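K.L.:
Dropping in protein32.pdb, which is PDB, C-alpha atoms:
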MODEL        1
ATOM      1  CA  MET P   1    -169.192-101.770  32.267
ATOM      2  CA  THR P   2    -170.941-104.991  33.145
ATOM      3  CA  MET P   3    -170.605-104.233  36.865
ATOM      4  CA  VAL P   4    -172.025-100.738  36.354
ATOM      5  CA  ARG P   5    -174.939-102.131  34.340
ATOM      6  CA  SER P   6    -175.602-104.781  36.994
ATOM      7  CA  ALA P   7    -175.550-102.176  39.743
ATOM      8  CA  PHE P   8    -177.910 -99.978  37.725
ATOM      9  CA  MET P   9    -180.325-102.868  37.243
ATOM     10  CA  LEU P  10    -180.294-103.644  40.962
ATOM     11  CA  VAL P  11    -181.085-100.013  41.805
ATOM     12  CA  LEU P  12    -183.844 -99.961  39.183
ATOM     13  CA  LEU P  13    -185.392-103.150  40.530
ATOM     14  CA  GLY P  14    -185.181-101.724  44.023
ATOM     15  CA  LEU P  15    -187.021 -98.579  42.935
ATOM     16  CA  VAL P  16    -189.709-100.597  41.220
ATOM     17  CA  GLY P  17    -190.151-102.703  44.336
ATOM     18  CA  ALA P  18    -190.330 -99.584  46.523
ATOM     19  CA  CYS P  19    -192.982 -97.988  44.315
ATOM     20  CA  ASP P  20    -195.012-101.168  43.923
ATOM     21  CA  THR P  21    -196.662-101.528  47.332
ATOM     22  CA  GLY P  22    -198.652-104.218  45.557
ATOM     23  CA  ARG P  23    -201.853-104.168  47.637
ATOM     24  CA  ASN P  24    -199.925-106.548  49.800
ATOM     25  CA  GLU P  25    -201.345-106.211  53.283
ATOM     26  CA  ALA P  26    -204.784-106.778  54.780
ATOM     27  CA  LEU P  27    -207.225-104.066  55.739
ATOM     28  CA  GLU P  28    -210.302-105.235  57.635
ATOM     29  CA  VAL P  29    -213.550-103.429  58.404
ATOM     30  CA  ARG P  30    -215.548-104.535  61.436
ATOM     31  CA  VAL P  31    -218.820-103.327  62.972
ATOM     32  CA  TYR P  32    -219.012-103.302  66.763
ATOM     33  CA  GLY P  33    -221.707-102.337  69.263
ATOM     34  CA  GLU P  34    -219.297-102.239  72.214
ATOM     35  CA  ALA P  35    -220.193-103.659  75.625
ATOM     36  CA  TYR P  36    -223.370-101.562  75.831
ATOM     37  CA  ILE P  37    -224.942-103.612  73.037
ATOM     38  CA  GLU P  38    -223.233-106.955  73.643
ATOM     39  CA  GLU P  39    -223.600-106.942  77.444
ATOM     40  CA  GLY P  40    -226.143-104.226  78.277
ATOM     41  CA  LEU P  41    -226.426-100.693  79.616
ATOM     42  CA  PRO P  42    -225.714-100.689  83.367
ATOM     43  CA  ALA P  43    -227.700 -98.652  85.884
ATOM     44  CA  ASP P  44    -224.755 -96.374  86.618
ATOM     45  CA  ILE P  45    -224.972 -94.681  83.211
ATOM     46  CA  PHE P  46    -228.686 -93.897  83.630
ATOM     47  CA  VAL P  47    -229.816 -90.857  85.596
ATOM     48  CA  ASP P  48    -232.999 -92.581  86.777
ATOM     49  CA  GLY P  49    -231.937 -95.990  88.085
ATOM     50  CA  TRP P  50    -232.902 -98.117  85.102
ATOM     51  CA  SER P  51    -230.660-100.679  83.394
ATOM     52  CA  LEU P  52    -231.189-102.256  79.993
ATOM     53  CA  ARG P  53    -230.257-105.374  78.049
ATOM     54  CA  TYR P  54    -230.600-105.630  74.280
ATOM     55  CA  GLU P  55    -231.831-108.992  73.012
ATOM     56  CA  LYS P  56    -231.458-107.939  69.386
ATOM     57  CA  PHE P  57    -229.704-104.972  67.860
ATOM     58  CA  LEU P  58    -229.846-105.342  64.096
ATOM     59  CA  VAL P  59    -228.234-102.893  61.685
ATOM     60  CA  SER P  60    -228.170-102.862  57.878
ATOM     61  CA  VAL P  61    -224.713-101.619  56.838
ATOM     62  CA  GLY P  62    -223.409-100.940  53.339
ATOM     63  CA  GLY P  63    -221.818 -98.317  51.131
ATOM     64  CA  VAL P  64    -218.512 -98.863  52.932
ATOM     65  CA  ALA P  65    -215.399 -97.190  51.531
ATOM     66  CA  VAL P  66    -212.022 -96.791  53.234
ATOM     67  CA  ALA P  67    -209.326 -94.557  51.771
ATOM     68  CA  GLN P  68    -206.191 -92.641  52.491
ATOM     69  CA  GLN P  69    -206.942 -88.928  52.548
ATOM     70  CA  GLY P  70    -207.183 -87.574  49.013
ATOM     71  CA  SER P  71    -206.991 -91.008  47.379
ATOM     72  CA  ALA P  72    -209.444 -93.443  45.862
ATOM     73  CA  PRO P  73    -210.762 -96.089  48.264
ATOM     74  CA  GLY P  74    -208.507 -99.058  48.863
ATOM     75  CA  LEU P  75    -211.490-101.035  50.135
ATOM     76  CA  GLU P  76    -215.046-100.559  48.932
ATOM     77  CA  VAL P  77    -218.192-102.625  49.541
ATOM     78  CA  LYS P  78    -221.434-101.222  48.164
ATOM     79  CA  GLU P  79    -223.678-104.133  49.139
ATOM     80  CA  PHE P  80    -225.629-104.075  52.407
ATOM     81  CA  GLN P  81    -225.336-106.697  55.123
ATOM     82  CA  VAL P  82    -227.414-107.181  58.263
ATOM     83  CA  PHE P  83    -225.604-107.714  61.555
ATOM     84  CA  ASP P  84    -226.865-108.538  65.033
ATOM     85  CA  LEU P  85    -224.536-106.594  67.303
ATOM     86  CA  THR P  86    -225.657-108.418  70.444
ATOM     87  CA  ARG P  87    -223.567-111.425  69.367
ATOM     88  CA  ALA P  88    -220.505-111.798  71.609
ATOM     89  CA  SER P  89    -217.281-110.878  69.810
ATOM     90  CA  ASP P  90    -214.662-110.644  72.610
ATOM     91  CA  GLY P  91    -214.310-106.949  71.820
ATOM     92  CA  ALA P  92    -213.482-107.520  68.163
ATOM     93  CA  GLY P  93    -216.836-106.813  66.510
ATOM     94  CA  GLN P  94    -218.193-108.497  63.388
ATOM     95  CA  VAL P  95    -216.288-108.654  60.083
ATOM     96  CA  VAL P  96    -217.860-106.550  57.318
ATOM     97  CA  ALA P  97    -215.096-106.828  54.702
ATOM     98  CA  SER P  98    -211.403-107.529  54.200
ATOM     99  CA  GLU P  99    -209.134-106.556  51.336
ATOM    100  CA  LEU P 100    -205.438-106.456  50.452
ATOM    101  CA  VAL P 101    -204.434-102.801  50.127
ATOM    102  CA  SER P 102    -201.400-100.636  49.670
ATOM    103  CA  LEU P 103    -199.470 -99.663  52.764
ATOM    104  CA  GLY P 104    -200.373 -96.423  54.511
ATOM    105  CA  ARG P 105    -202.724 -94.679  56.901
ATOM    106  CA  TYR P 106    -206.412 -95.247  56.112
ATOM    107  CA  ASP P 107    -207.940 -92.165  57.707
ATOM    108  CA  ASP P 108    -210.973 -91.463  55.514
ATOM    109  CA  THR P 109    -213.936 -93.842  55.855
ATOM    110  CA  ARG P 110    -217.578 -93.647  54.900
ATOM    111  CA  PHE P 111    -220.497 -96.009  55.418
ATOM    112  CA  THR P 112    -224.276 -96.043  55.366
ATOM    113  CA  ILE P 113    -226.934 -97.478  57.650
ATOM    114  CA  ALA P 114    -230.105 -97.850  55.606
ATOM    115  CA  PRO P 115    -232.789-100.336  54.544
ATOM    116  CA  ASP P 116    -232.007-102.430  51.486
ATOM    117  CA  PRO P 117    -234.311-105.058  49.975
ATOM    118  CA  ALA P 118    -231.252-106.833  48.541
ATOM    119  CA  ALA P 119    -229.361-106.993  51.844
ATOM    120  CA  THR P 120    -227.656-110.249  52.774
ATOM    121  CA  ALA P 121    -226.859-111.697  56.185
ATOM    122  CA  GLY P 122    -223.641-110.584  57.843
ATOM    123  CA  ASN P 123    -223.979-112.564  61.055
ATOM    124  CA  ALA P 124    -227.775-112.239  61.212
ATOM    125  CA  THR P 125    -230.011-115.289  61.164
ATOM    126  CA  ASP P 126    -232.246-115.934  58.174
ATOM    127  CA  ALA P 127    -235.247-114.938  60.305
ATOM    128  CA  ASP P 128    -233.640-111.635  61.334
ATOM    129  CA  LEU P 129    -232.612-110.877  57.766
ATOM    130  CA  LYS P 130    -236.214-111.443  56.674
ATOM    131  CA  LEU P 131    -237.439-109.208  59.513
ATOM    132  CA  MET P 132    -235.208-106.362  58.343
ATOM    133  CA  VAL P 133    -235.905-106.741  54.617
ATOM    134  CA  ASP P 134    -239.656-107.275  54.918
ATOM    135  CA  GLY P 135    -239.999-104.461  57.456
ATOM    136  CA  GLY P 136    -237.860-102.054  55.434
ATOM    137  CA  PHE P 137    -235.707-101.459  58.514
ATOM    138  CA  SER P 138    -232.210-100.063  58.875
ATOM    139  CA  VAL P 139    -232.127-100.487  62.662
ATOM    140  CA  TYR P 140    -234.085-102.863  64.860
ATOM    141  CA  ALA P 141    -233.650-102.806  68.636
ATOM    142  CA  ALA P 142    -235.383-105.161  71.053
ATOM    143  CA  GLY P 143    -234.705-105.595  74.733
ATOM    144  CA  THR P 144    -235.795-105.283  78.334
ATOM    145  CA  ALA P 145    -235.229-102.455  80.811
ATOM    146  CA  THR P 146    -235.426-103.062  84.558
ATOM    147  CA  LYS P 147    -235.631-100.965  87.684
ATOM    148  CA  GLY P 148    -236.203-102.741  90.973
ATOM    149  CA  GLY P 149    -239.076-105.129  90.307
ATOM    150  CA  GLU P 150    -240.298-103.201  87.256
ATOM    151  CA  ARG P 151    -239.633-104.537  83.750
ATOM    152  CA  LYS P 152    -240.405-102.964  80.395
ATOM    153  CA  ARG P 153    -239.956-104.685  77.055
ATOM    154  CA  PHE P 154    -239.605-103.032  73.670
ATOM    155  CA  ALA P 155    -239.081-104.061  70.029
ATOM    156  CA  TRP P 156    -238.706-101.133  67.632
ATOM    157  CA  GLY P 157    -237.887-101.093  63.938
ATOM    158  CA  PHE P 158    -236.709 -97.937  62.164
ATOM    159  CA  ALA P 159    -236.420 -97.125  58.460
ATOM    160  CA  THR P 160    -233.998 -94.196  58.676
ATOM    161  CA  HIS P 161    -231.240 -93.767  56.086
ATOM    162  CA  THR P 162    -228.032 -92.239  57.410
ATOM    163  CA  ASP P 163    -224.817 -91.598  55.479
ATOM    164  CA  TYR P 164    -221.686 -91.359  57.603
ATOM    165  CA  SER P 165    -218.833 -89.635  55.773
ATOM    166  CA  ALA P 166    -215.415 -88.113  56.456
ATOM    167  CA  CYS P 167    -214.984 -90.582  59.305
ATOM    168  CA  GLU P 168    -211.571 -90.038  60.880
ATOM    169  CA  SER P 169    -210.446 -93.657  60.912
ATOM    170  CA  LEU P 170    -207.159 -94.668  62.510
ATOM    171  CA  ALA P 171    -206.045 -97.767  60.594
ATOM    172  CA  GLU P 172    -202.323 -98.069  59.848
ATOM    173  CA  VAL P 173    -201.452-100.694  57.258
ATOM    174  CA  ARG P 174    -197.771-101.620  57.281
ATOM    175  CA  GLY P 175    -195.719-104.551  56.078
ATOM    176  CA  GLY P 176    -196.566-107.433  58.360
ATOM    177  CA  GLN P 177    -199.161-105.320  60.188
ATOM    178  CA  PRO P 178    -202.768-105.525  58.960
ATOM    179  CA  GLY P 179    -205.074-102.589  59.670
ATOM    180  CA  VAL P 180    -208.554-102.565  61.182
ATOM    181  CA  VAL P 181    -211.293 -99.956  60.781
ATOM    182  CA  GLN P 182    -214.109-100.253  63.305
ATOM    183  CA  LEU P 183    -217.589 -98.951  62.520
ATOM    184  CA  THR P 184    -218.753 -98.318  66.070
ATOM    185  CA  ILE P 185    -222.473 -98.302  66.893
ATOM    186  CA  HIS P 186    -223.462 -96.587  70.143
ATOM    187  CA  GLY P 187    -226.491 -98.298  71.655
ATOM    188  CA  ASP P 188    -226.812 -95.853  74.541
ATOM    189  CA  HIS P 189    -227.770 -93.088  72.104
ATOM    190  CA  LEU P 190    -231.307 -94.459  71.775
ATOM    191  CA  MET P 191    -231.895 -93.509  75.427
ATOM    192  CA  TYR P 192    -230.632 -89.914  75.192
ATOM    193  CA  ASP P 193    -232.912 -87.057  76.288
ATOM    194  CA  ASP P 194    -231.521 -84.398  73.915
ATOM    195  CA  LEU P 195    -230.990 -84.522  70.166
ATOM    196  CA  TYR P 196    -228.034 -82.148  69.985
ATOM    197  CA  SER P 197    -226.438 -81.709  73.409
ATOM    198  CA  GLU P 198    -222.867 -82.953  73.812
ATOM    199  CA  THR P 199    -223.784 -84.088  77.341
ATOM    200  CA  PRO P 200    -227.279 -85.602  77.159
ATOM    201  CA  ASN P 201    -228.688 -87.751  79.928
ATOM    202  CA  VAL P 202    -229.209 -91.474  79.440
ATOM    203  CA  THR P 203    -232.727 -92.051  80.730
ATOM    204  CA  PHE P 204    -235.589 -94.523  80.437
ATOM    205  CA  GLU P 205    -238.232 -93.110  82.798
ATOM    206  CA  LEU P 206    -240.293 -91.322  80.144
ATOM    207  CA  ILE P 207    -240.190 -94.378  77.891
ATOM    208  CA  ALA P 208    -241.358 -96.574  80.771
ATOM    209  CA  ALA P 209    -244.173 -94.151  81.571
ATOM    210  CA  ALA P 210    -245.371 -94.411  77.964
ATOM    211  CA  ASP P 211    -246.652 -97.922  78.747
ATOM    212  CA  THR P 212    -250.102 -96.598  79.565
ATOM    213  CA  ASP P 213    -251.891 -99.937  79.252
ATOM    214  CA  GLY P 214    -249.519-101.446  81.806
ATOM    215  CA  ASP P 215    -248.818-104.611  79.825
ATOM    216  CA  GLY P 216    -245.051-104.287  80.258
ATOM    217  CA  GLU P 217    -244.344-103.541  76.594
ATOM    218  CA  VAL P 218    -243.628-100.074  75.211
ATOM    219  CA  THR P 219    -244.932 -99.889  71.654
ATOM    220  CA  ARG P 220    -244.538 -97.465  68.776
ATOM    221  CA  ALA P 221    -248.148 -96.316  69.215
ATOM    222  CA  GLU P 222    -247.542 -95.539  72.892
ATOM    223  CA  LEU P 223    -244.398 -93.548  72.097
ATOM    224  CA  LEU P 224    -246.264 -91.595  69.428
ATOM    225  CA  ALA P 225    -248.786 -90.586  72.090
ATOM    226  CA  VAL P 226    -246.131 -88.941  74.322
ATOM    227  CA  ASP P 227    -246.119 -85.164  73.754
ATOM    228  CA  LEU P 228    -242.637 -83.748  74.347
ATOM    229  CA  ARG P 229    -243.562 -80.088  74.088
ATOM    230  CA  PRO P 230    -244.332 -79.472  77.789
ATOM    231  CA  LEU P 231    -241.044 -81.056  78.910
ATOM    232  CA  ALA P 232    -237.967 -79.134  79.986
ATOM    233  CA  ASN P 233    -235.649 -81.861  78.708
ATOM    234  CA  TYR P 234    -236.099 -83.824  75.464
ATOM    235  CA  GLN P 235    -234.880 -80.871  73.466
ATOM    236  CA  VAL P 236    -235.403 -81.180  69.702
ATOM    237  CA  GLY P 237    -233.498 -78.171  68.341
ATOM    238  CA  SER P 238    -234.860 -76.823  65.067
ATOM    239  CA  THR P 239    -236.622 -80.069  64.133
ATOM    240  CA  ASP P 240    -240.409 -80.296  64.127
ATOM    241  CA  ILE P 241    -240.409 -83.386  66.366
ATOM    242  CA  VAL P 242    -243.154 -83.340  69.018
ATOM    243  CA  ASP P 243    -243.510 -86.996  70.091
ATOM    244  CA  LEU P 244    -241.262 -89.596  71.689
ATOM    245  CA  TRP P 245    -241.322 -92.076  68.786
ATOM    246  CA  HIS P 246    -239.949 -89.600  66.271
ATOM    247  CA  PHE P 247    -237.470 -88.395  68.887
ATOM    248  CA  ILE P 248    -236.002 -91.896  69.244
ATOM    249  CA  GLU P 249    -236.201 -92.389  65.489
ATOM    250  CA  HIS P 250    -234.041 -89.299  65.034
ATOM    251  CA  LEU P 251    -231.537 -90.680  67.559
ATOM    252  CA  THR P 252    -230.980 -93.670  65.261
ATOM    253  CA  THR P 253    -229.207 -91.247  62.914
ATOM    254  CA  THR P 254    -226.567 -90.562  65.586
ATOM    255  CA  LEU P 255    -225.535 -94.164  66.274
ATOM    256  CA  GLY P 256    -222.534 -94.344  63.969
ATOM    257  CA  HIS P 257    -218.983 -93.482  65.006
ATOM    258  CA  ILE P 258    -215.559 -94.669  63.948
ATOM    259  CA  ASP P 259    -212.936 -96.554  65.957
ATOM    260  CA  GLY P 260    -214.781 -96.038  69.228
ATOM    261  CA  GLU P 261    -215.449 -92.350  69.768
ATOM    262  CA  GLY P 262    -214.119 -91.085  66.434
ATOM    263  CA  HIS P 263    -216.118 -88.485  64.542
ATOM    264  CA  CYS P 264    -218.145 -88.901  61.346
ATOM    265  CA  GLU P 265    -220.341 -86.429  59.523
ATOM    266  CA  ALA P 266    -223.855 -87.855  59.685
ATOM    267  CA  THR P 267    -226.397 -86.941  57.000
ATOM    268  CA  ARG P 268    -229.955 -88.204  57.166
ATOM    269  CA  ALA P 269    -231.451 -88.870  53.769
ATOM    270  CA  SER P 270    -235.022 -87.705  53.348
TER     271      SER P 270
ENDMDL
END
Render the structure in this file as C-alpha cells.

P.N.:
Amino acid sequence: MTMVRSAFMLVLLGLVGACDTGRNEALEVRVYGEAYIEEGLPADIFVDGWSLRYEKFLVSVGGVAVAQQGSAPGLEVKEFQVFDLTRASDGAGQVVASELVSLGRYDDTRFTIAPDPAATAGNATDADLKLMVDGGFSVYAAGTATKGGERKRFAWGFATHTDYSACESLAEVRGGQPGVVQLTIHGDHLMYDDLYSETPNVTFELIAAADTDGDGEVTRAELLAVDLRPLANYQVGSTDIVDLWHFIEHLTTTLGHIDGEGHCEATRAS
C-alpha cells in the first residue's frame, strides 16, 4: 500500500510540474531598424541614383503586448520609450523589454508608435528624448542624401499615432531556449512613391527638387509646397493628400513590421 501511495504521489507531483510551466523562460522584445537605418540606404535600392544615410532615426514605442494566440499577454509594457535606431546593434536591435513567461509560441504581438509626454529614454540621449517630448513627435528622421556631388539634408519630426496589432510574431519559448520578438522599423518606407502599392519605388528626386531655395536642406515648408496632383506616380489612394509633406507623414504609419517582413495590421489614430 505504501509503495502504491508513493507511486501515486510521484505521478501527482509529475503532473503538477508538467502543468506548472512557471513563467520560467525569458521572452525579449527588441526594436530594430535593420541595416537601412543603422548603415544607410544604398544607391542600388533607389530608382534615381540617390543614396541616403540617417543620422538620427528616433521612434517612441509603447503599448507593447506579446501573447500566445487566444491567451492573455505573457509580456506587456504600456509605457513609451524613445529609441535611436541608428545606433549600431550588430543585427540584434535595441532591448524594449524582457520577461519570464510560460513556454510556448508567442505569435500575437501588438505595439504602438506615438507621441507621449511621459516617455522615457530607451537608448536615446537626454537631448533626443527632450526633442521628441517637447516636439510631440512619434518619429523623427534626420539625415543626408547624396547623388554624385549633390547633397541634401533633412530633419523631419512627425506626430502620427499608429497602432500595430495582430502582428504575426515568430517567437518560440522553450526550456533552455529564450524567445525574441523583433519590432522591425523599415526606414526605406519614408522614400516610397506610392502609399498603397505592394511594389513602390524608393526615390528621392522629388524630395531633392523641393529644395527650391537651394540651401541644401529640404524643410517641411518646402515639402508642403510640392503639389502631387499633376504627377503620375505618388499615388495617394482614397486619401485627400495633395502635398509631399503629408504624403511622407502618411508613410510613417507604415514603418512597423514584425520579425523582419512579418505582417501587422496598422491603424492610424485620428

K.L.:
Have a look at atom CA of P:Glu76 and atom CA of P:Leu27 and let me know their distance in Å, one decimal.

P.N.:
10.9 Å

K.L.:
Have a look at atom CA of P:Asp90 and atom CA of P:Ala114 and let me know their distance in Å, one decimal.

P.N.:
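Straight-line distance from atom CA of P:Asp90 to atom CA of P:Ala114 works out to 26.3 Å.
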
K.L.:
Could you please give me, as a ChimeraX atom specification, the residues of protein, DNA or RNA lying at most 7 Å from (-234.6, -100.9, 81.8) in the coordinate frame of the file, considering only C-alpha atoms?

P.N.:
/P:50-52,144-147,151-152,204

K.L.:
Which residue is closest to P:Gly149? Choose from P:Arg174, P:Phe247, P:Gly216, P:Gly33 and count only C-alpha atoms.

P.N.:
P:Gly216

K.L.:
Compare P:Ser165, P:Thr219, P:Arg105, P:Gln235 by their minimum atom-to-atom distance to P:Asp194, counting all atoms listed in the file, and give me the closest one.

P.N.:
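Between P:Ser165, P:Thr219, P:Arg105, P:Gln235, the residue approaching P:Asp194 most closely is P:Gln235.
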
K.L.:
Find the residues around P:Ala142 up to 8 Å (all atoms listed in the file counted), leave out those fewer than 4 positions away in its own chain, and share them as a PDB file with C-alpha atoms, in the coordinates of the input.

P.N.:
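Heads up, here's the output in around.pdb:
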ATOM      1  CA  TYR P  54    -230.600-105.630  74.280  1.00  0.00           C
ATOM      2  CA  GLU P  55    -231.831-108.992  73.012  1.00  0.00           C
ATOM      3  CA  LYS P  56    -231.458-107.939  69.386  1.00  0.00           C
ATOM      4  CA  PHE P  57    -229.704-104.972  67.860  1.00  0.00           C
ATOM      5  CA  ARG P 153    -239.956-104.685  77.055  1.00  0.00           C
ATOM      6  CA  PHE P 154    -239.605-103.032  73.670  1.00  0.00           C
ATOM      7  CA  ALA P 155    -239.081-104.061  70.029  1.00  0.00           C
ATOM      8  CA  TRP P 156    -238.706-101.133  67.632  1.00  0.00           C
TER       9      TRP P 156
END

K.L.:
Report, in Å to a single decimal, how far apart atom CA of P:His257 and atom CA of P:Thr184 are.

P.N.:
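Atom-to-atom, atom CA of P:Thr184 to atom CA of P:His257, that is 5.0 Å.
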
K.L.:
Any chance you could resolve the PyMOL selection byres ((chain P and resi 242) around 12) against this file and give the residues as a list in words?

P.N.:
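For this structure, the PyMOL selection byres ((chain P and resi 242) around 12) resolves to Leu223, Leu224, Ala225, Val226, Asp227, Leu228, Arg229, Pro230, Leu231, Tyr234, Gln235, Val236, Gly237, Ser238, Thr239, Asp240, Ile241, Asp243, Leu244, Trp245, His246, Phe247, Ile248, Glu249 and His250 of chain P.
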
K.L.:
Starting from the shown file, work through the PyMOL selection byres ((chain P and resi 201) around 12) and note down what comes out as a list of chain:residue names.

P.N.:
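On this input, the PyMOL selection byres ((chain P and resi 201) around 12) captures P:Asp44, P:Ile45, P:Phe46, P:Val47, P:Asp48, P:Asp188, P:His189, P:Leu190, P:Met191, P:Tyr192, P:Asp193, P:Asp194, P:Leu195, P:Tyr196, P:Ser197, P:Glu198, P:Thr199, P:Pro200, P:Val202, P:Thr203, P:Phe204, P:Glu205, P:Asn233, P:Tyr234, P:Gln235.
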
K.L.:
Evaluate the PyMOL selection byres ((chain P and resi 29) around 8) and record the selected residues as a list in words, following the chain and residue labels used in the document.

P.N.:
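Applied to this file, the PyMOL selection byres ((chain P and resi 29) around 8) returns Leu27, Glu28, Arg30, Val31, Val95, Val96, Ala97, Ser98, Val180, Val181, Gln182 and Leu183 of chain P.
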